[in-house]
Amino acid sequence: MQEDIDAAVDFVSDQGRGLYGVVNNAGVSAFSPLTSGPESDMDFVFNVNVYGPYRINKAFLPLLEKSGGRTTTIGSIAGFTGRSGIYSMSKFAVEAYTDSLAREIEDTGVHVSVVEPGGFKSNIGASRGARALAAAEKGEIELTTEQRARHEDAAARSASQKEPDEVADAILDLLTTEDPKRRYMVTPNERQAHSTVKTALRRIVQLNHDQPYAYDREGLIAVLDELLEEIASD
C-alpha cells in the first residue's frame, strides 16, 4: 500500500543516515490459464511484481540520488524463458522496466540492476499451489489430476531445492562492487543457465529471421563479438 511505502520513506529519512541501496525482493505467482483464468490473478501478480518495484523506486529515488546509490529488483529466468504464464509476463515486464529506468536516470548516478534467479528454495511455489487449489475448490479454475497433485506437492519439491545463498551473494556484489553489472543471472545448475541463454538467443534469431535487413550468420557473430567487447570494457 502507498501509505506503507510513504511511512517507510519517512522512517528512513528520520534516521538521518541516508540510503544507499534498495532491493525489491517481493514476488508472487499464480497458476491461472491465460485463456480462461480470472483477470484478478493477473492484477494480483502484476501489482506485486511490477507495480511494487515501480512504487518503491519512485518513492526512494530522491534518497538514492543524494547518495549515488543502487537499486535492484529480483527478476527471474522466467522473464526470459516464458514458461510460467502470468508470472513470466510480470518478469518480462521487470526486464523492460530495468532498462527503461536505467536509461531514464542514468545522469543521477544511481545504478539500476536486476537479479535473475533460477529454481532455488522459496515459498513461492507452495503459496501458488495453495491459491490454485483454493481457486479450484471455488470453481474459478479447473485442474487436471496431474496439476492438482503437482500443486499439493509444491512445498515438498521446494524443500529439496538448493538454498538461495548464491542469489544473496549476487545482491551483495551489486551493492558493494565498484563495477556492478546490469544483469545477474544466478541458477542452481548449468542446465538452467544453458536453457535460459539458449531461449534468449532463440528469440533474437526469430526476430532476425526473414526480415528485410536480416543479418547472416557472419553478421550475427560480428554483432555478438561487438557486444562481448562492449561488456568487457564496461
# chains A, B, ... in the order shown; residues from 1 in each chain; ligands from 1
>>> residues_around(residues="Val205 (chain A)", least_positions_apart="4", cutoff="12 Å", atoms="only C-alpha atoms", output="list in words")
Lys198, Thr199, Ala200, Leu201, His209, Asp210, Gln211, Ala214, Tyr215, Asp216, Arg217, Gly219, Leu220 and Ile221 of chain A
>>> write_last_selection(atoms="C-alpha atoms", output="compact mmCIF listing (two decimals), in the first residue's frame")
# COMPACT_ATOMS: atom_id res chain seq x y z
CA LYS A 198 19.51 -20.54 -25.47
CA THR A 199 15.92 -19.29 -25.17
CA ALA A 200 17.09 -15.67 -25.19
CA LEU A 201 19.21 -16.32 -28.27
CA HIS A 209 14.77 -14.28 -39.43
CA ASP A 210 13.45 -13.38 -42.89
CA GLN A 211 13.16 -9.64 -42.35
CA ALA A 214 18.37 -9.60 -41.64
CA TYR A 215 21.93 -10.42 -40.62
CA ASP A 216 23.53 -13.55 -42.00
CA ARG A 217 25.48 -15.87 -39.72
CA GLY A 219 26.79 -10.64 -39.35
CA LEU A 220 25.23 -12.06 -36.19
CA ILE A 221 28.61 -13.26 -34.97
>>> select_by_dssp(residues="region 34-149 of chain A", states="strand (DSSP E or B)", output="PDB file with C-alpha atoms, in the first residue's frame")
ATOM      1  CA  ARG A  70      21.898   1.478  -6.194  1.00  0.00           C
ATOM      2  CA  THR A  71      18.563  -0.225  -6.702  1.00  0.00           C
ATOM      3  CA  THR A  72      17.856  -3.739  -7.874  1.00  0.00           C
ATOM      4  CA  THR A  73      14.827  -5.908  -8.491  1.00  0.00           C
ATOM      5  CA  ILE A  74      14.695  -9.669  -8.104  1.00  0.00           C
ATOM      6  CA  HIS A 111      22.855   2.300 -10.659  1.00  0.00           C
ATOM      7  CA  VAL A 112      19.955   0.055 -11.703  1.00  0.00           C
ATOM      8  CA  SER A 113      20.195  -3.721 -11.937  1.00  0.00           C
ATOM      9  CA  VAL A 114      18.128  -6.880 -11.954  1.00  0.00           C
ATOM     10  CA  VAL A 115      18.937 -10.283 -10.451  1.00  0.00           C
ATOM     11  CA  GLU A 116      17.616 -13.310 -12.366  1.00  0.00           C
ATOM     12  CA  PRO A 117      17.383 -16.371 -10.099  1.00  0.00           C
TER      13      PRO A 117
END
>>> atom_distance(atom1="CA of Gly37 (chain A)", atom2="CA of Arg150 (chain A)")
18.1 Å
>>> residues_around(residues="region 155-170 of chain A", least_positions_apart="5", cutoff="6 Å", atoms="only C-alpha atoms", output="PyMOL selection string")
chain A and resi 120-121+126
>>> write_last_selection(atoms="C-alpha atoms", output="PDB file, in the first residue's frame")
ATOM      1  CA  PHE A 120      16.087 -22.051  -5.703  1.00  0.00           C
ATOM      2  CA  LYS A 121      14.292 -22.916  -2.475  1.00  0.00           C
ATOM      3  CA  ALA A 126       3.805 -23.533  -2.196  1.00  0.00           C
TER       4      ALA A 126
END
>>> atom_distance(atom1="CA of Thr196 (chain A)", atom2="CA of Ala132 (chain A)")
26.2 Å
>>> residues_around(residues="Ala135 (chain A)", least_positions_apart="6", cutoff="10 Å", atoms="only C-alpha atoms", output="ChimeraX atom specification")
/A:31-32,37-38,129,141-143
>>> select_by_dssp(residues="region 147-194 of chain A", states="alpha helix (DSSP H)", output="list in words")
Gln147, Arg148, Ala149, Arg150, His151, Glu152, Ala154, Ala155, Ala156, Arg157, Ser158, Ala159, Asp165, Glu166, Val167, Ala168, Asp169, Ala170, Ile171, Leu172, Asp173, Leu174, Leu175, Thr176, Glu190, Arg191, Gln192, Ala193 and His194 of chain A
>>> closest_atom_pairs(of="region 69-127 of chain A", to="region 58-65 of chain A", cutoff="8 Å", atoms="only C-alpha atoms", output="CSV")
residue,atom,partner,partner_atom,distance
A:Gly69,CA,A:Leu64,CA,4.8
A:Arg70,CA,A:Leu64,CA,6.8
A:Thr108,CA,A:Glu65,CA,5.9
A:Gly109,CA,A:Glu65,CA,6.7
A:Val110,CA,A:Glu65,CA,6.0
>>> write_last_selection(atoms="C-alpha atoms", output="short mmCIF file (atom, residue, chain, number, x, y, z; two decimals), in the first residue's frame")
data_model
loop_
_atom_site.label_atom_id
_atom_site.label_comp_id
_atom_site.auth_asym_id
_atom_site.auth_seq_id
_atom_site.Cartn_x
_atom_site.Cartn_y
_atom_site.Cartn_z
CA GLY A 69 23.23 4.61 -4.57
CA ARG A 70 21.90 1.48 -6.19
CA THR A 108 21.67 10.82 -11.50
CA GLY A 109 24.48 8.47 -10.53
CA VAL A 110 22.04 5.78 -9.35
#
>>> residues_around(residues="Ala130 (chain A)", least_positions_apart="6", cutoff="12 Å", atoms="only C-alpha atoms", output="mmCIF file with C-alpha atoms, in the first residue's frame")
data_model
loop_
_atom_site.group_PDB
_atom_site.id
_atom_site.type_symbol
_atom_site.label_atom_id
_atom_site.label_comp_id
_atom_site.auth_asym_id
_atom_site.auth_seq_id
_atom_site.Cartn_x
_atom_site.Cartn_y
_atom_site.Cartn_z
ATOM 1 C CA SER A 29 2.997 -16.243 -8.786
ATOM 2 C CA ALA A 30 -0.354 -17.620 -9.864
ATOM 3 C CA PHE A 31 -1.398 -20.763 -11.681
ATOM 4 C CA ASN A 123 7.847 -20.337 -0.608
ATOM 5 C CA ILE A 124 6.588 -19.032 -3.948
ATOM 6 C CA ALA A 136 -10.265 -24.857 -7.995
ATOM 7 C CA GLU A 137 -12.450 -25.528 -4.965
ATOM 8 C CA ARG A 148 -3.652 -30.960 -8.584
ATOM 9 C CA ALA A 149 -1.003 -33.445 -7.472
ATOM 10 C CA ARG A 150 1.771 -31.070 -8.532
ATOM 11 C CA HIS A 151 0.290 -28.212 -6.513
ATOM 12 C CA GLU A 152 -0.164 -30.441 -3.480
ATOM 13 C CA ASP A 153 3.483 -31.489 -3.734
ATOM 14 C CA ALA A 154 4.847 -27.955 -4.259
ATOM 15 C CA ALA A 155 6.161 -27.481 -0.727
#
>>> closest_residue(among="A:Ala193, A:Ala8, A:Ile204, A:Val28", to="Leu224 (chain A)", atoms="only C-alpha atoms")
A:Ile204
>>> residues_around(residues="Ile86 (chain A)", least_positions_apart="6", cutoff="12 Å", atoms="only C-alpha atoms", output="ChimeraX atom specification")
/A:28-35,37-47,49-50,78-79,92-93,128
>>> closest_residue(among="A:Lys91, A:Val12, A:Ala222, A:Ile231", to="Pro180 (chain A)", atoms="only C-alpha atoms")
A:Ile231
>>> closest_residue(among="A:Thr98, A:Ser84, A:Ser67, A:Asn24", to="Arg183 (chain A)", atoms="only C-alpha atoms")
A:Thr98
>>> residues_around(residues="Gly118 (chain A)", least_positions_apart="3", cutoff="9 Å", atoms="only C-alpha atoms", output="number ranges by chain")
A: 76-78, 185-189, 192-193
>>> decode(residues="region 22-139 of chain A", atoms="C-alpha atoms", output="CSV table (one decimal), in the first residue's frame")
chain,number,residue,atom,x,y,z
A,22,VAL,CA,17.2,-0.8,-2.4
A,23,VAL,CA,16.4,-4.4,-3.0
A,24,ASN,CA,12.9,-5.1,-4.4
A,25,ASN,CA,12.5,-8.7,-3.4
A,26,ALA,CA,8.7,-9.3,-3.1
A,27,GLY,CA,7.3,-11.7,-5.6
A,28,VAL,CA,4.2,-13.8,-6.2
A,29,SER,CA,3.0,-16.2,-8.8
A,30,ALA,CA,-0.4,-17.6,-9.9
A,31,PHE,CA,-1.4,-20.8,-11.7
A,32,SER,CA,-4.0,-19.3,-13.9
A,33,PRO,CA,-4.6,-20.3,-17.6
A,34,LEU,CA,-4.2,-17.3,-19.9
A,35,THR,CA,-7.2,-18.4,-21.9
A,36,SER,CA,-9.6,-19.0,-19.0
A,37,GLY,CA,-8.3,-17.8,-15.6
A,38,PRO,CA,-9.7,-14.9,-13.8
A,39,GLU,CA,-8.3,-11.5,-14.6
A,40,SER,CA,-7.9,-10.8,-10.9
A,41,ASP,CA,-4.9,-13.2,-10.9
A,42,MET,CA,-3.1,-11.0,-13.4
A,43,ASP,CA,-3.9,-7.9,-11.3
A,44,PHE,CA,-2.6,-9.7,-8.2
A,45,VAL,CA,0.7,-10.8,-9.8
A,46,PHE,CA,1.4,-7.5,-11.6
A,47,ASN,CA,0.5,-5.4,-8.5
A,48,VAL,CA,3.3,-7.1,-6.5
A,49,ASN,CA,5.9,-8.0,-9.1
A,50,VAL,CA,5.7,-4.9,-11.4
A,51,TYR,CA,3.9,-2.1,-9.6
A,52,GLY,CA,5.7,-3.0,-6.3
A,53,PRO,CA,9.3,-2.2,-7.6
A,54,TYR,CA,7.9,0.8,-9.6
A,55,ARG,CA,6.3,2.3,-6.5
A,56,ILE,CA,9.3,1.6,-4.2
A,57,ASN,CA,11.9,3.0,-6.5
A,58,LYS,CA,9.8,6.1,-7.3
A,59,ALA,CA,9.4,6.8,-3.6
A,60,PHE,CA,13.0,6.2,-2.6
A,61,LEU,CA,14.8,7.6,-5.6
A,62,PRO,CA,15.4,11.1,-4.1
A,63,LEU,CA,17.3,9.4,-1.3
A,64,LEU,CA,19.3,7.3,-3.7
A,65,GLU,CA,20.1,10.3,-5.8
A,66,LYS,CA,21.7,12.0,-2.8
A,67,SER,CA,23.9,9.0,-2.1
A,68,GLY,CA,24.6,8.0,-5.7
A,69,GLY,CA,23.2,4.6,-4.6
A,70,ARG,CA,21.9,1.5,-6.2
A,71,THR,CA,18.6,-0.2,-6.7
A,72,THR,CA,17.9,-3.7,-7.9
A,73,THR,CA,14.8,-5.9,-8.5
A,74,ILE,CA,14.7,-9.7,-8.1
A,75,GLY,CA,13.5,-10.8,-11.5
A,76,SER,CA,13.7,-14.4,-12.7
A,77,ILE,CA,14.9,-16.6,-15.6
A,78,ALA,CA,11.2,-16.9,-16.2
A,79,GLY,CA,11.4,-13.4,-17.6
A,80,PHE,CA,13.4,-15.0,-20.5
A,81,THR,CA,12.0,-18.5,-20.8
A,82,GLY,CA,8.3,-17.5,-20.9
A,83,ARG,CA,7.2,-20.8,-19.4
A,84,SER,CA,5.2,-19.6,-16.4
A,85,GLY,CA,2.2,-17.8,-17.7
A,86,ILE,CA,1.3,-14.6,-15.8
A,87,TYR,CA,4.4,-14.9,-13.7
A,88,SER,CA,6.6,-14.9,-16.8
A,89,MET,CA,4.7,-11.9,-18.2
A,90,SER,CA,5.4,-10.0,-15.0
A,91,LYS,CA,9.1,-10.8,-15.1
A,92,PHE,CA,9.4,-9.9,-18.7
A,93,ALA,CA,7.9,-6.5,-17.6
A,94,VAL,CA,10.6,-6.2,-15.0
A,95,GLU,CA,13.3,-6.6,-17.7
A,96,ALA,CA,11.9,-3.7,-19.7
A,97,TYR,CA,11.4,-1.7,-16.5
A,98,THR,CA,15.0,-2.2,-15.5
A,99,ASP,CA,16.4,-1.0,-18.8
A,100,SER,CA,14.0,1.9,-19.1
A,101,LEU,CA,14.6,3.1,-15.6
A,102,ALA,CA,18.4,2.8,-16.0
A,103,ARG,CA,18.2,4.9,-19.2
A,104,GLU,CA,15.9,7.5,-17.6
A,105,ILE,CA,18.0,8.1,-14.5
A,106,GLU,CA,21.5,7.5,-16.0
A,107,ASP,CA,22.6,11.1,-15.2
A,108,THR,CA,21.7,10.8,-11.5
A,109,GLY,CA,24.5,8.5,-10.5
A,110,VAL,CA,22.0,5.8,-9.3
A,111,HIS,CA,22.9,2.3,-10.7
A,112,VAL,CA,20.0,0.1,-11.7
A,113,SER,CA,20.2,-3.7,-11.9
A,114,VAL,CA,18.1,-6.9,-12.0
A,115,VAL,CA,18.9,-10.3,-10.5
A,116,GLU,CA,17.6,-13.3,-12.4
A,117,PRO,CA,17.4,-16.4,-10.1
A,118,GLY,CA,16.6,-19.8,-11.3
A,119,GLY,CA,14.9,-22.6,-9.3
A,120,PHE,CA,16.1,-22.1,-5.7
A,121,LYS,CA,14.3,-22.9,-2.5
A,122,SER,CA,11.5,-20.5,-1.6
A,123,ASN,CA,7.8,-20.3,-0.6
A,124,ILE,CA,6.6,-19.0,-3.9
A,125,GLY,CA,5.6,-22.5,-5.3
A,126,ALA,CA,3.8,-23.5,-2.2
A,127,SER,CA,1.8,-20.3,-2.0
A,128,ARG,CA,1.0,-20.5,-5.7
A,129,GLY,CA,-0.2,-24.1,-5.2
A,130,ALA,CA,-2.4,-23.2,-2.2
A,131,ARG,CA,-4.1,-20.4,-4.2
A,132,ALA,CA,-4.6,-22.7,-7.2
A,133,LEU,CA,-6.2,-25.4,-5.1
A,134,ALA,CA,-8.4,-22.8,-3.3
A,135,ALA,CA,-9.5,-21.4,-6.7
A,136,ALA,CA,-10.3,-24.9,-8.0
A,137,GLU,CA,-12.5,-25.5,-5.0
A,138,LYS,CA,-14.4,-22.3,-5.7
A,139,GLY,CA,-14.8,-23.3,-9.3
